[in-house]
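The structure file structure.cif is reproduced below (mmCIF, C-alpha atoms and all ligand atoms).
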data_upload
#
loop_
_atom_site.label_atom_id
_atom_site.label_comp_id
_atom_site.auth_asym_id
_atom_site.auth_seq_id
_atom_site.Cartn_x
_atom_site.Cartn_y
_atom_site.Cartn_z
CA MET A 1 3.37 -37.35 7.42
CA ASP A 2 4.36 -34.10 9.15
CA LYS A 3 4.99 -31.23 6.77
CA THR A 4 7.64 -28.75 7.82
CA ILE A 5 6.41 -25.17 7.75
CA ASP A 6 9.10 -22.65 6.88
CA ILE A 7 8.93 -19.27 8.55
CA LEU A 8 10.09 -16.38 6.42
CA LYS A 9 10.57 -12.80 7.58
CA THR A 10 11.23 -9.53 5.82
CA THR A 11 14.63 -7.90 6.39
CA ASN A 12 13.14 -5.33 8.77
CA TYR A 13 10.78 -7.63 10.69
CA ASP A 14 12.79 -8.22 13.87
CA LYS A 15 13.81 -4.57 14.09
CA PHE A 16 10.26 -3.36 14.80
CA LYS A 17 9.34 -2.01 18.23
CA CYS A 18 6.21 0.07 18.85
CA THR A 19 7.01 3.60 20.05
CA ALA A 20 3.66 3.67 21.94
CA ASP A 21 2.93 7.10 23.47
CA LYS A 22 5.70 8.73 21.40
CA CYS A 23 3.88 7.83 18.17
CA LYS A 24 2.20 10.75 16.38
CA PHE A 25 -0.24 8.46 14.51
CA THR A 26 -2.63 6.33 16.54
CA CYS A 27 -3.22 2.78 15.29
CA CYS A 28 -7.00 3.23 15.49
CA GLU A 29 -7.76 5.99 12.99
CA GLY A 30 -8.24 6.29 9.25
CA TRP A 31 -9.23 2.76 8.17
CA ASP A 32 -11.79 -0.01 8.55
CA VAL A 33 -10.94 -2.09 11.62
CA SER A 34 -12.06 -5.66 10.98
CA VAL A 35 -12.96 -8.05 13.76
CA ASP A 36 -12.19 -11.77 13.42
CA GLY A 37 -14.96 -14.35 14.02
CA ASP A 38 -13.28 -15.87 17.11
CA THR A 39 -13.10 -12.50 18.84
CA TYR A 40 -16.71 -11.68 17.93
CA ASN A 41 -17.87 -15.06 19.33
CA LYS A 42 -15.91 -14.39 22.53
CA TRP A 43 -17.68 -11.02 22.94
CA GLU A 44 -21.04 -12.67 22.26
CA LYS A 45 -20.44 -15.46 24.78
CA GLY A 46 -19.25 -12.91 27.34
CA LYS A 47 -22.45 -10.88 26.72
CA CYS A 48 -20.35 -7.77 26.17
CA SER A 49 -23.23 -5.60 24.98
CA GLU A 50 -21.19 -2.40 25.35
CA ILE A 51 -18.77 -3.78 22.73
CA LEU A 52 -21.31 -5.51 20.48
CA LYS A 53 -23.40 -2.37 19.99
CA ASN A 54 -20.37 -0.83 18.25
CA ILE A 55 -19.82 -3.74 15.88
CA LYS A 56 -21.05 -3.82 12.29
CA VAL A 57 -22.15 -7.28 11.05
CA GLU A 58 -22.32 -7.75 7.28
CA LYS A 59 -23.71 -10.83 5.53
CA SER A 60 -23.00 -11.77 1.96
CA GLY A 61 -24.28 -15.20 0.88
CA ASP A 62 -23.00 -17.69 3.44
CA SER A 63 -20.23 -15.50 4.77
CA VAL A 64 -20.44 -13.03 7.63
CA SER A 65 -17.93 -10.29 8.34
CA TYR A 66 -17.53 -8.08 11.36
CA SER A 67 -15.93 -4.69 11.81
CA ILE A 68 -15.90 -1.79 14.24
CA ALA A 69 -18.97 0.38 13.45
CA LYS A 70 -17.33 3.58 12.23
CA GLU A 71 -16.66 5.33 8.95
CA ASN A 72 -13.14 4.55 7.81
CA HIS A 73 -12.05 8.17 8.40
CA GLU A 74 -13.39 8.17 11.96
CA THR A 75 -11.56 7.34 15.18
CA CYS A 76 -12.30 4.00 16.86
CA PRO A 77 -15.24 4.43 19.31
CA PHE A 78 -13.30 2.42 21.91
CA LEU A 79 -10.48 4.96 22.10
CA ASP A 80 -10.58 7.08 25.27
CA MET A 81 -9.48 10.70 25.70
CA LYS A 82 -5.92 9.60 26.48
CA GLY A 83 -5.72 7.43 23.36
CA LEU A 84 -6.08 4.17 25.34
CA CYS A 85 -8.32 1.30 24.28
CA GLU A 86 -11.45 0.86 26.47
CA ILE A 87 -11.63 -2.87 25.67
CA VAL A 88 -8.05 -3.45 26.83
CA LYS A 89 -8.63 -1.33 29.96
CA LYS A 90 -11.72 -3.30 30.96
CA HIS A 91 -11.01 -6.84 29.73
CA GLY A 92 -7.27 -7.08 28.97
CA GLU A 93 -5.14 -7.41 25.80
CA GLU A 94 -6.43 -10.88 24.94
CA TYR A 95 -9.96 -9.48 24.43
CA ILE A 96 -9.21 -7.28 21.40
CA SER A 97 -9.53 -8.26 17.76
CA SER A 98 -6.51 -10.01 16.26
CA ILE A 99 -5.81 -7.12 13.83
CA CYS A 100 -5.53 -4.69 16.78
CA HIS A 101 -3.35 -7.20 18.60
CA THR A 102 -0.90 -7.80 15.77
CA PHE A 103 -0.77 -4.46 13.88
CA PRO A 104 1.55 -3.58 12.11
CA ARG A 105 2.66 -7.19 11.78
CA VAL A 106 1.27 -9.02 8.75
CA GLU A 107 1.16 -12.80 8.58
CA ASN A 108 0.47 -14.61 5.32
CA LYS A 109 0.04 -18.38 5.47
CA PHE A 110 0.66 -20.78 2.60
CA GLU A 111 0.74 -24.61 2.40
CA ASP A 112 4.34 -24.94 3.47
CA ARG A 113 5.34 -21.50 4.72
CA ARG A 114 4.36 -18.64 6.99
CA GLU A 115 5.49 -15.21 5.92
CA LEU A 116 5.94 -12.41 8.42
CA SER A 117 6.16 -8.84 7.22
CA LEU A 118 5.24 -5.33 8.40
CA SER A 119 2.69 -2.77 7.24
CA CYS A 120 3.85 0.66 6.09
CA ALA A 121 0.76 2.14 7.77
CA CYS A 122 2.91 2.31 10.92
CA PRO A 123 5.43 5.19 11.15
CA GLU A 124 7.99 3.09 12.99
CA VAL A 125 8.01 0.53 10.16
CA VAL A 126 8.58 3.31 7.62
CA GLU A 127 11.33 4.73 9.81
CA ILE A 128 13.13 1.36 9.78
CA ILE A 129 12.72 1.02 6.01
CA SER A 130 14.16 4.50 5.45
CA GLY A 131 17.29 3.48 7.37
CA LEU A 132 17.90 0.18 5.54
CA SER A 133 21.02 -0.08 3.46
CA GLY A 134 20.57 -2.47 0.59
CA LYS A 135 17.46 -4.07 -0.78
CA ILE A 136 14.63 -5.36 1.41
CA ASN A 137 13.58 -8.97 0.95
CA ILE A 138 11.92 -11.93 2.60
CA PHE A 139 13.96 -14.94 3.66
CA SER A 140 14.07 -17.95 5.93
CA ASP A 141 16.74 -18.64 8.54
CA ASN A 142 16.46 -22.29 7.58
CA LYS A 143 19.10 -22.95 4.92
CA LYS A 144 17.14 -26.00 3.75
CA ALA A 145 13.93 -24.04 3.33
CA THR A 146 11.57 -25.51 0.74
CA LYS A 147 11.60 -23.86 -2.64
CA ASN A 148 8.57 -21.76 -3.41
CA ASN A 149 6.39 -23.67 -5.88
CA LEU A 150 3.17 -21.69 -5.72
CA LEU A 151 2.41 -19.83 -8.92
CA GLU A 152 1.13 -16.75 -7.13
CA LEU A 153 4.43 -16.48 -5.27
CA LYS A 154 6.35 -16.89 -8.51
CA VAL A 155 4.35 -13.96 -9.90
CA ARG A 156 5.11 -11.96 -6.76
CA ASP A 157 8.84 -12.82 -6.99
CA THR A 158 8.83 -11.53 -10.57
CA LEU A 159 7.19 -8.27 -9.43
CA VAL A 160 9.88 -7.86 -6.76
CA ASN A 161 12.68 -8.67 -9.23
CA ILE A 162 11.41 -6.09 -11.72
CA VAL A 163 11.05 -3.39 -9.05
CA GLN A 164 14.57 -4.14 -7.79
CA GLN A 165 16.21 -3.63 -11.22
CA ASP A 166 18.67 -0.76 -11.04
CA ASP A 167 18.49 0.61 -14.58
CA PHE A 168 15.00 2.12 -14.64
CA LEU A 169 12.91 4.68 -12.80
CA LEU A 170 10.56 3.32 -10.16
CA GLU A 171 7.44 4.54 -11.95
CA GLU A 172 8.63 2.84 -15.15
CA LYS A 173 9.17 -0.47 -13.33
CA LEU A 174 5.71 -0.24 -11.74
CA LEU A 175 4.14 0.19 -15.17
CA VAL A 176 6.06 -2.80 -16.55
CA CYS A 177 4.76 -4.92 -13.65
CA PHE A 178 1.22 -3.72 -14.27
CA GLN A 179 1.45 -4.53 -17.98
CA MET A 180 2.73 -8.02 -17.12
CA LEU A 181 -0.24 -8.63 -14.80
CA LEU A 182 -2.69 -7.34 -17.43
CA ASP A 183 -1.20 -9.71 -20.03
CA ILE A 184 -1.63 -12.63 -17.63
CA LEU A 185 -5.22 -11.60 -16.89
CA GLU A 186 -6.13 -11.22 -20.53
CA ASP A 187 -4.78 -14.60 -21.64
CA GLU A 188 -7.57 -16.89 -20.51
CA GLU A 189 -5.88 -19.92 -22.08
CA LEU A 190 -2.61 -19.44 -20.19
CA SER A 191 -1.32 -22.76 -18.83
CA GLU A 192 1.02 -23.12 -15.86
CA GLU A 193 3.92 -23.64 -18.24
CA GLY A 194 2.85 -20.65 -20.34
CA LEU A 195 2.71 -18.49 -17.23
CA GLU A 196 6.24 -19.47 -16.24
CA GLU A 197 7.46 -18.65 -19.77
CA GLU A 198 5.69 -15.28 -19.56
CA LEU A 199 7.38 -14.51 -16.24
CA GLU A 200 10.80 -15.48 -17.65
CA LYS A 201 10.51 -12.81 -20.33
CA TYR A 202 10.66 -10.20 -17.58
CA GLU A 203 14.10 -11.38 -16.44
CA ASP A 204 15.57 -9.74 -19.53
CA SER A 205 16.22 -6.01 -19.09
CA LYS A 206 16.02 -5.47 -22.88
CA TYR A 207 12.44 -6.71 -22.75
CA LEU A 208 11.69 -4.36 -19.85
CA GLN A 209 13.12 -1.50 -21.90
CA GLU A 210 10.80 -2.41 -24.78
CA VAL A 211 7.71 -2.39 -22.52
CA ILE A 212 8.77 0.96 -21.04
CA GLY A 213 9.27 2.33 -24.57
CA LYS A 214 5.66 1.39 -25.44
CA CYS A 215 4.39 3.08 -22.26
CA LYS A 216 6.21 6.26 -23.26
CA GLU A 217 4.54 6.32 -26.69
CA ILE A 218 1.31 7.42 -25.02
CA ASP A 219 0.64 11.07 -25.80
CA SER A 220 0.48 13.23 -22.73
CA ASP A 221 0.57 16.88 -21.84
CA ILE A 222 2.22 17.76 -18.53
CA ASN A 223 -0.48 20.30 -17.57
CA GLU A 224 -3.24 17.75 -18.15
CA SER A 225 -1.37 15.08 -16.19
CA VAL A 226 -0.77 17.42 -13.25
CA GLU A 227 -4.40 18.50 -13.34
CA GLU A 228 -5.58 14.88 -13.27
CA ILE A 229 -3.33 13.81 -10.41
CA ASN A 230 -4.29 16.95 -8.52
CA TYR A 231 -8.01 15.96 -8.78
CA LEU A 232 -7.24 12.38 -7.87
CA LEU A 233 -5.38 13.34 -4.70
CA LEU A 234 -8.19 15.72 -3.66
CA ASP A 235 -10.82 13.02 -4.30
CA ILE A 236 -8.99 10.22 -2.54
CA THR A 237 -8.17 12.28 0.56
CA LYS A 238 -11.33 14.40 0.87
CA ASN A 239 -12.89 12.37 3.71
CA TYR A 240 -9.67 12.25 5.70
CA LYS A 241 -8.79 15.93 6.16
CA GLU A 242 -10.62 16.03 9.49
CA VAL A 243 -9.03 12.85 10.89
CA SER A 244 -6.97 14.28 13.73
CA SER A 245 -3.72 12.42 13.01
CA PHE A 246 -3.91 13.27 9.27
CA GLU A 247 -5.11 16.87 9.53
CA PHE A 248 -1.64 18.42 9.83
CA LEU A 249 -0.61 16.60 6.65
CA LEU A 250 -3.72 16.88 4.50
CA LYS A 251 -5.34 20.21 5.31
CA ASP A 252 -2.71 22.57 3.87
CA ILE A 253 -1.94 20.52 0.77
CA SER A 254 -5.67 20.14 -0.02
CA ASP A 255 -6.29 23.87 0.38
CA PHE A 256 -3.26 24.57 -1.79
CA ALA A 257 -4.27 21.99 -4.46
CA GLU A 258 -7.78 23.46 -4.69
CA ALA A 259 -6.55 27.01 -5.20
CA VAL A 260 -3.36 26.64 -7.26
CA LYS A 261 -3.00 27.28 -11.00
CA VAL A 262 -1.87 23.98 -12.53
CA GLY A 263 0.50 25.75 -14.92
CA ASN A 264 2.51 27.05 -11.94
CA LEU A 265 2.89 23.52 -10.59
CA SER A 266 3.99 22.04 -13.92
CA VAL A 267 6.94 24.46 -14.02
CA LYS A 268 8.27 23.16 -10.71
CA TRP A 269 7.54 19.48 -11.38
CA GLN A 270 10.67 18.66 -13.41
CA GLU A 271 13.12 19.99 -10.79
CA TYR A 272 11.12 18.21 -8.07
CA LYS A 273 11.16 14.87 -9.92
CA ILE A 274 14.97 14.91 -10.01
CA LEU A 275 15.09 15.62 -6.26
CA PHE A 276 12.59 12.83 -5.56
CA GLU A 277 14.75 10.34 -7.45
CA GLN A 278 17.46 10.90 -4.82
CA HIS A 279 15.19 8.95 -2.47
CA SER A 280 14.61 6.10 -4.91
CA GLU A 281 16.37 3.47 -2.77
CA PHE A 282 14.04 4.21 0.15
CA ALA A 283 10.98 4.39 -2.14
CA GLU A 284 11.90 1.07 -3.77
CA ASN A 285 12.18 -0.68 -0.39
CA TRP A 286 8.82 0.74 0.70
CA ILE A 287 7.15 -0.51 -2.50
CA VAL A 288 8.80 -3.96 -2.29
CA SER A 289 7.71 -4.22 1.33
CA ASP A 290 4.10 -3.52 0.23
CA ILE A 291 4.34 -6.07 -2.61
CA ILE A 292 5.63 -8.77 -0.24
CA SER A 293 2.78 -8.17 2.22
CA SER A 294 -0.13 -7.71 -0.14
CA CYS A 295 0.46 -9.21 -3.61
CA ILE A 296 -0.18 -12.81 -2.63
CA SER A 297 -3.57 -13.73 -4.06
CA ASP A 298 -3.96 -16.72 -6.39
CA ASP A 299 -6.79 -14.80 -8.06
CA ILE A 300 -5.16 -12.67 -10.77
CA GLU A 301 -7.86 -9.97 -10.60
CA GLU A 302 -7.37 -9.55 -6.85
CA LEU A 303 -3.62 -9.53 -7.38
CA ILE A 304 -3.84 -6.78 -10.02
CA ILE A 305 -6.03 -4.64 -7.77
CA SER A 306 -3.60 -5.04 -4.86
CA PHE A 307 -0.73 -4.03 -7.12
CA GLU A 308 -2.68 -1.13 -8.64
CA LEU A 309 -3.33 0.25 -5.15
CA ILE A 310 0.43 0.16 -4.52
CA ILE A 311 0.98 2.18 -7.72
CA LEU A 312 -1.66 4.69 -6.63
CA GLU A 313 -0.09 4.91 -3.19
CA TYR A 314 3.30 5.64 -4.75
CA LEU A 315 1.91 8.31 -7.11
CA MET A 316 -0.15 9.96 -4.38
CA VAL A 317 2.79 10.08 -1.93
CA ARG A 318 5.08 11.51 -4.62
CA TYR A 319 2.50 14.17 -5.48
CA ALA A 320 1.56 15.03 -1.86
CA VAL A 321 5.25 15.59 -1.03
CA PHE A 322 5.48 17.77 -4.15
CA LEU A 323 2.62 19.97 -2.94
CA LYS A 324 4.35 20.35 0.43
CA TYR A 325 7.61 21.20 -1.40
CA CYS A 326 5.77 23.91 -3.37
CA ILE A 327 3.95 25.34 -0.32
CA ASN A 328 7.19 25.66 1.66
CA ASN A 329 9.09 26.88 -1.38
CA ASN A 330 11.80 24.36 -0.48
CA LYS A 331 15.01 23.72 -2.35
CA GLU A 332 15.25 20.16 -1.00
CA ILE A 333 12.72 17.46 -0.17
CA GLU A 334 12.17 16.87 3.54
CA ILE A 335 12.55 13.12 4.07
CA GLN A 336 10.17 13.35 7.03
CA ASP A 337 7.46 14.49 4.59
CA ILE A 338 7.98 11.33 2.50
CA LYS A 339 7.73 9.16 5.62
CA ASP A 340 4.60 10.90 6.91
CA TYR A 341 2.77 10.70 3.58
CA ILE A 342 3.68 7.02 3.17
CA VAL A 343 1.98 6.27 6.51
CA THR A 344 -1.03 8.45 5.72
CA LEU A 345 -1.61 7.18 2.19
CA SER A 346 -0.94 3.55 3.16
CA ARG A 347 -3.84 3.92 5.57
CA ILE A 348 -6.11 5.77 3.16
CA ILE A 349 -5.42 3.53 0.15
CA GLY A 350 -3.80 0.20 1.12
CA ASN A 351 -5.72 -0.35 4.33
CA ASN A 352 -9.05 0.71 2.85
CA SER A 353 -8.75 -1.39 -0.27
CA GLU A 354 -12.47 -2.17 -0.52
CA ALA A 355 -13.49 1.50 -0.32
CA VAL A 356 -10.82 2.55 -2.85
CA THR A 357 -11.82 -0.25 -5.22
CA GLU A 358 -15.42 0.99 -5.02
CA PHE A 359 -14.22 4.55 -5.64
CA LEU A 360 -12.37 3.37 -8.78
CA ARG A 361 -15.37 1.37 -9.97
CA ASP A 362 -17.61 4.45 -9.60
CA GLY A 363 -15.17 6.82 -11.29
CA PHE A 364 -13.72 4.60 -14.03
CA GLU A 365 -16.42 1.89 -14.44
CA ASP A 366 -13.80 -0.83 -13.86
CA PRO A 367 -11.61 -1.04 -10.75
CA ILE A 368 -8.76 -2.27 -12.95
CA LEU A 369 -7.44 0.89 -14.59
CA GLU A 370 -6.21 1.08 -18.17
CA ILE A 371 -2.44 1.05 -18.64
CA GLY A 372 -2.76 4.23 -20.75
CA TYR A 373 -4.33 6.08 -17.83
CA LEU A 374 -1.62 4.92 -15.42
CA CYS A 375 1.07 6.03 -17.90
CA PHE A 376 -0.69 9.40 -18.20
CA ILE A 377 -0.54 10.01 -14.41
CA SER A 378 2.90 8.42 -13.88
CA LEU A 379 5.27 9.41 -16.66
CA PHE A 380 4.88 13.18 -17.04
S1 LIG A 401 1.24 3.15 14.63
FE1 LIG A 401 3.00 1.77 15.04
S2 LIG A 401 4.40 2.89 16.41
FE2 LIG A 401 2.39 3.96 16.41
S3 LIG A 401 1.30 3.12 18.19
FE3 LIG A 401 0.68 1.87 16.39
S4 LIG A 401 2.13 0.14 16.31
FE4 LIG A 401 2.99 1.68 17.71
#
For the structure just supplied, provide its representation as structure tokens.
Ligand code: SF4
Amino acid sequence: MDKTIDILKTTNYDKFKCTADKCKFTCCEGWDVSVDGDTYNKWEKGKCSEILKNIKVEKSGDSVSYSIAKENHETCPFLDMKGLCEIVKKHGEEYISSICHTFPRVENKFEDRRELSLSCACPEVVEIISGLSGKINIFSDNKKATKNNLLELKVRDTLVNIVQQDDFLLEEKLLVCFQMLLDILEDEELSEEGLEEELEKYEDSKYLQEVIGKCKEIDSDINESVEEINYLLLDITKNYKEVSSFEFLLKDISDFAEAVKVGNLSVKWQEYKILFEQHSEFAENWIVSDIISSCISDDIEELIISFELIILEYLMVRYAVFLKYCINNNKEIEIQDIKDYIVTLSRIIGNNSEAVTEFLRDGFEDPILEIGYLCFISLF
């Protein structure tokens, strides 16, 4: 029997149009560019040695993965001096890897649905999100669309519902979501029914308030929190300062962060936080857009890591914009700074998830951070 596949799209999906040569970020810089097996086989069959010599092949057990041979902070070796792709010039659009072909479009396939969303690593996507009025979501044009029965999508819906609550700060809602995912991970006996009951608890805003209250009990000192987030930003961005499309955004804030006295920053932080909250509608839509695209795994550990990277992205963007605000001695936050740092940090964190997970494993022993640590760097 034929199964109908529903197609769902995010609110902004059909609005996207690449700005091509007007774009100040190239698509090909600042992340690992993976190559799908079909494209690799096509290059092999076509004996394209000039392409194959720039491809990294990695084997792990029975699986093989391919990517463009470059460090994630380097520019794609196929990019020419004018920013055009050598593969496209020589062989045509249909010869490039599917990720290059589709970026920034993201397609997630499930048994009975295909979901189409957009990556915030593209400045045009972020531009559209910043102009949305109302809350972003994913929906089907088909009024009879099948109800979502997959548990992982129910978990994701709960994350979106929590983040779209109006009564709490965004960082508080992110911590509630993280705590919920940790509770699910830790309960090895959790049945399907038990999971649904657990998710239902988070529909009640009084319960959310309770979880937030517990997060706030964690002792923290603003100077120590600022110092920690300052180190974290410097560590996460250190390999990317020389990337040409990031240099104008990362160089001055890194130099400033290395030299500044943390006490001076802490004094300005409270006034800045209030100003940043004025952009909470935009920030919420950006975060929900990321959750829709990337929190879809049926493996709870993978799901937590995807969500944790979104939290880190949010905290790093908020802090990077703060450094810029301090450097320029501004009285207001430049919205363009928020947009630029979302693109940059989406590429550095979200699109390099394996490298960032490794970085967390090296620095914290476990890539899944403790809730106390996240509270320490979020709630000051
Ligand atoms: S980053 Fe986005 S707007 Fe810029 S060239 Fe790539 S797809 Fe186009």
Distance limit 6 Å, reference ligand LIG 401 (chain A), atoms considered: only C-alpha atoms and all ligand atoms. Which residues make the cut? Give them as a PDB file with C-alpha atoms, in the coordinates of the input.
ATOM      1  CA  CYS A  18       6.210   0.070  18.850  1.00  0.00           C
ATOM      2  CA  THR A  19       7.010   3.600  20.050  1.00  0.00           C
ATOM      3  CA  ALA A  20       3.660   3.670  21.940  1.00  0.00           C
ATOM      4  CA  CYS A  23       3.880   7.830  18.170  1.00  0.00           C
ATOM      5  CA  PHE A  25      -0.240   8.460  14.510  1.00  0.00           C
ATOM      6  CA  THR A  26      -2.630   6.330  16.540  1.00  0.00           C
ATOM      7  CA  CYS A  27      -3.220   2.780  15.290  1.00  0.00           C
ATOM      8  CA  PHE A 103      -0.770  -4.460  13.880  1.00  0.00           C
ATOM      9  CA  PRO A 104       1.550  -3.580  12.110  1.00  0.00           C
ATOM     10  CA  CYS A 122       2.910   2.310  10.920  1.00  0.00           C
ATOM     11  CA  PRO A 123       5.430   5.190  11.150  1.00  0.00           C
ATOM     12  CA  GLU A 124       7.990   3.090  12.990  1.00  0.00           C
TER      13      GLU A 124
END
Exercise. Pick the closest to A:Ile236 from A:Ala121, A:Val356, A:Val317, A:Ile136: which is it, counting all atoms listed in the file?
Worked result: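 Selected residue with least distance to A:Ile236: A:Val356.
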For this session: Find the residue from A:Leu233, A:Ile99, A:Val155, A:Ile218 that sits nearest to A:Ile184; use all atoms listed in the file when measuring.
Result: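 Closest candidate: A:Val155.
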For this session: Compile the contact shell of A:Lys324 as a list of chain:residue names: residues with an atom at most 10 Å away, counting all atoms listed in the file, same-chain residues fewer than 3 positions apart removed.
Result: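 So, after excluding close chain neighbours, the residues are A:Leu249, A:Leu250, A:Asp252, A:Ile253, A:Phe256, A:Tyr319, A:Ala320, A:Val321, A:Ile327, A:Asn328, A:Asn329, A:Asn330, A:Ile333, A:Glu334, A:Asp337, A:Ile338.
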Any chance you could export the current selection's C-alpha atoms as a JSON list (two decimals), in the coordinates of the input?
[["chain", "number", "residue", "atom", "x", "y", "z"],
["A", 249, "LEU", "CA", -0.61, 16.60, 6.65],
["A", 250, "LEU", "CA", -3.72, 16.88, 4.50],
["A", 252, "ASP", "CA", -2.71, 22.57, 3.87],
["A", 253, "ILE", "CA", -1.94, 20.52, 0.77],
["A", 256, "PHE", "CA", -3.26, 24.57, -1.79],
["A", 319, "TYR", "CA", 2.50, 14.17, -5.48],
["A", 320, "ALA", "CA", 1.56, 15.03, -1.86],
["A", 321, "VAL", "CA", 5.25, 15.59, -1.03],
["A", 327, "ILE", "CA", 3.95, 25.34, -0.32],
["A", 328, "ASN", "CA", 7.19, 25.66, 1.66],
["A", 329, "ASN", "CA", 9.09, 26.88, -1.38],
["A", 330, "ASN", "CA", 11.80, 24.36, -0.48],
["A", 333, "ILE", "CA", 12.72, 17.46, -0.17],
["A", 334, "GLU", "CA", 12.17, 16.87, 3.54],
["A", 337, "ASP", "CA", 7.46, 14.49, 4.59],
["A", 338, "ILE", "CA", 7.98, 11.33, 2.50]]
Problem set entry | Selection near A:Gly263, 12 Å with only C-alpha atoms, sequence-local residues under 5 positions removed, as a ChimeraX atom specification | /A:221-227,230,268-269
Store the residues of this selection in a file with C-alpha atoms, as a CSV table (one decimal), in the coordinates of the input.
chain,number,residue,atom,x,y,z
A,221,ASP,CA,0.6,16.9,-21.8
A,222,ILE,CA,2.2,17.8,-18.5
A,223,ASN,CA,-0.5,20.3,-17.6
A,224,GLU,CA,-3.2,17.8,-18.2
A,225,SER,CA,-1.4,15.1,-16.2
A,226,VAL,CA,-0.8,17.4,-13.2
A,227,GLU,CA,-4.4,18.5,-13.3
A,230,ASN,CA,-4.3,17.0,-8.5
A,268,LYS,CA,8.3,23.2,-10.7
A,269,TRP,CA,7.5,19.5,-11.4
For this session: Report the distance between atom CA of A:Phe139 and atom CA of A:Lys9 in Å, rounded to one decimal place.
Result: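 We find that atom CA of A:Phe139 and atom CA of A:Lys9 lie 5.6 Å from each other.
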Exercise. Using only C-alpha atoms, which of A:Ser97, A:Gln164, A:Gln278, A:Ser67 sits nearest A:Glu332?
Worked result: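 Of the candidates, the smallest distance to A:Glu332 is held by A:Gln278.
Nearest residue to A:Ser220 among A:Ile311, A:Ser245, A:Phe380, A:Ile5 is A:Phe380, counting all atoms listed in the file.
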As lines of an AutoDock Vina configuration file, please: the centre and edge lengths in Å, to one decimal, of an axis-aligned box enclosing every listed atom of stretch 195-204 of chain A with 3 Å added on each side.
center_x = 9.1
center_y = -14.6
center_z = -18.3
size_x = 18.9
size_y = 15.7
size_z = 10.1
Exercise. Which of these residues is nearest to A:Leu323, using only C-alpha atoms: A:Asn41, A:Thr4, A:Ser244, A:Asn264?
Worked result: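 Between A:Asn41, A:Thr4, A:Ser244, A:Asn264, the residue approaching A:Leu323 most closely is A:Asn264.
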Problem set entry | Shell around A:Trp43 at 12 Å using all atoms listed in the file, local window under 4 positions removed, as a list of chain:residue names | A:Val35, A:Asp36, A:Gly37, A:Asp38, A:Thr39, A:Lys47, A:Cys48, A:Ser49, A:Glu50, A:Ile51, A:Leu52, A:Lys53, A:Asn54, A:Ile55, A:Tyr66, A:Ile87, A:His91, A:Glu94, A:Tyr95, A:Ile96, A:Ser97
Please produce an output containing C-alpha atoms for each residue in the selection, written as a compact mmCIF listing (two decimals), in the frame of the given file.
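Result went into out.txt, see below:
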# COMPACT_ATOMS: atom_id res chain seq x y z
CA VAL A 35 -12.96 -8.05 13.76
CA ASP A 36 -12.19 -11.77 13.42
CA GLY A 37 -14.96 -14.35 14.02
CA ASP A 38 -13.28 -15.87 17.11
CA THR A 39 -13.10 -12.50 18.84
CA LYS A 47 -22.45 -10.88 26.72
CA CYS A 48 -20.35 -7.77 26.17
CA SER A 49 -23.23 -5.60 24.98
CA GLU A 50 -21.19 -2.40 25.35
CA ILE A 51 -18.77 -3.78 22.73
CA LEU A 52 -21.31 -5.51 20.48
CA LYS A 53 -23.40 -2.37 19.99
CA ASN A 54 -20.37 -0.83 18.25
CA ILE A 55 -19.82 -3.74 15.88
CA TYR A 66 -17.53 -8.08 11.36
CA ILE A 87 -11.63 -2.87 25.67
CA HIS A 91 -11.01 -6.84 29.73
CA GLU A 94 -6.43 -10.88 24.94
CA TYR A 95 -9.96 -9.48 24.43
CA ILE A 96 -9.21 -7.28 21.40
CA SER A 97 -9.53 -8.26 17.76
Exercise. Excluding same-chain residues fewer than 2 positions from A:Ile129, what lies within 12 Å of it counting all atoms listed in the file, as a count of residues only?
Worked result: 38
Exercise. When you draw a straight line from atom CA of A:Asp62 to atom CA of A:Leu153, how long is it in Å?
Worked result: 28.8 Å
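Across the structure, atom CA of A:Leu182 and atom CA of A:Arg156 are spaced 14.0 Å apart.
Shortest atom-to-atom contact with A:Leu374 among A:Asp235, A:Glu71, A:Glu172, A:Asp157: A:Glu172, counting all atoms listed in the file.
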Problem set entry | All residues 12 Å or closer to A:Asn149, only C-alpha atoms, same chain fewer than 3 positions away omitted, as a list in words | Phe110, Glu111, Asp112, Arg113, Ala145, Thr146, Glu152, Leu153, Lys154, Val155, Arg156, Asp157, Glu192 and Glu196 of chain A
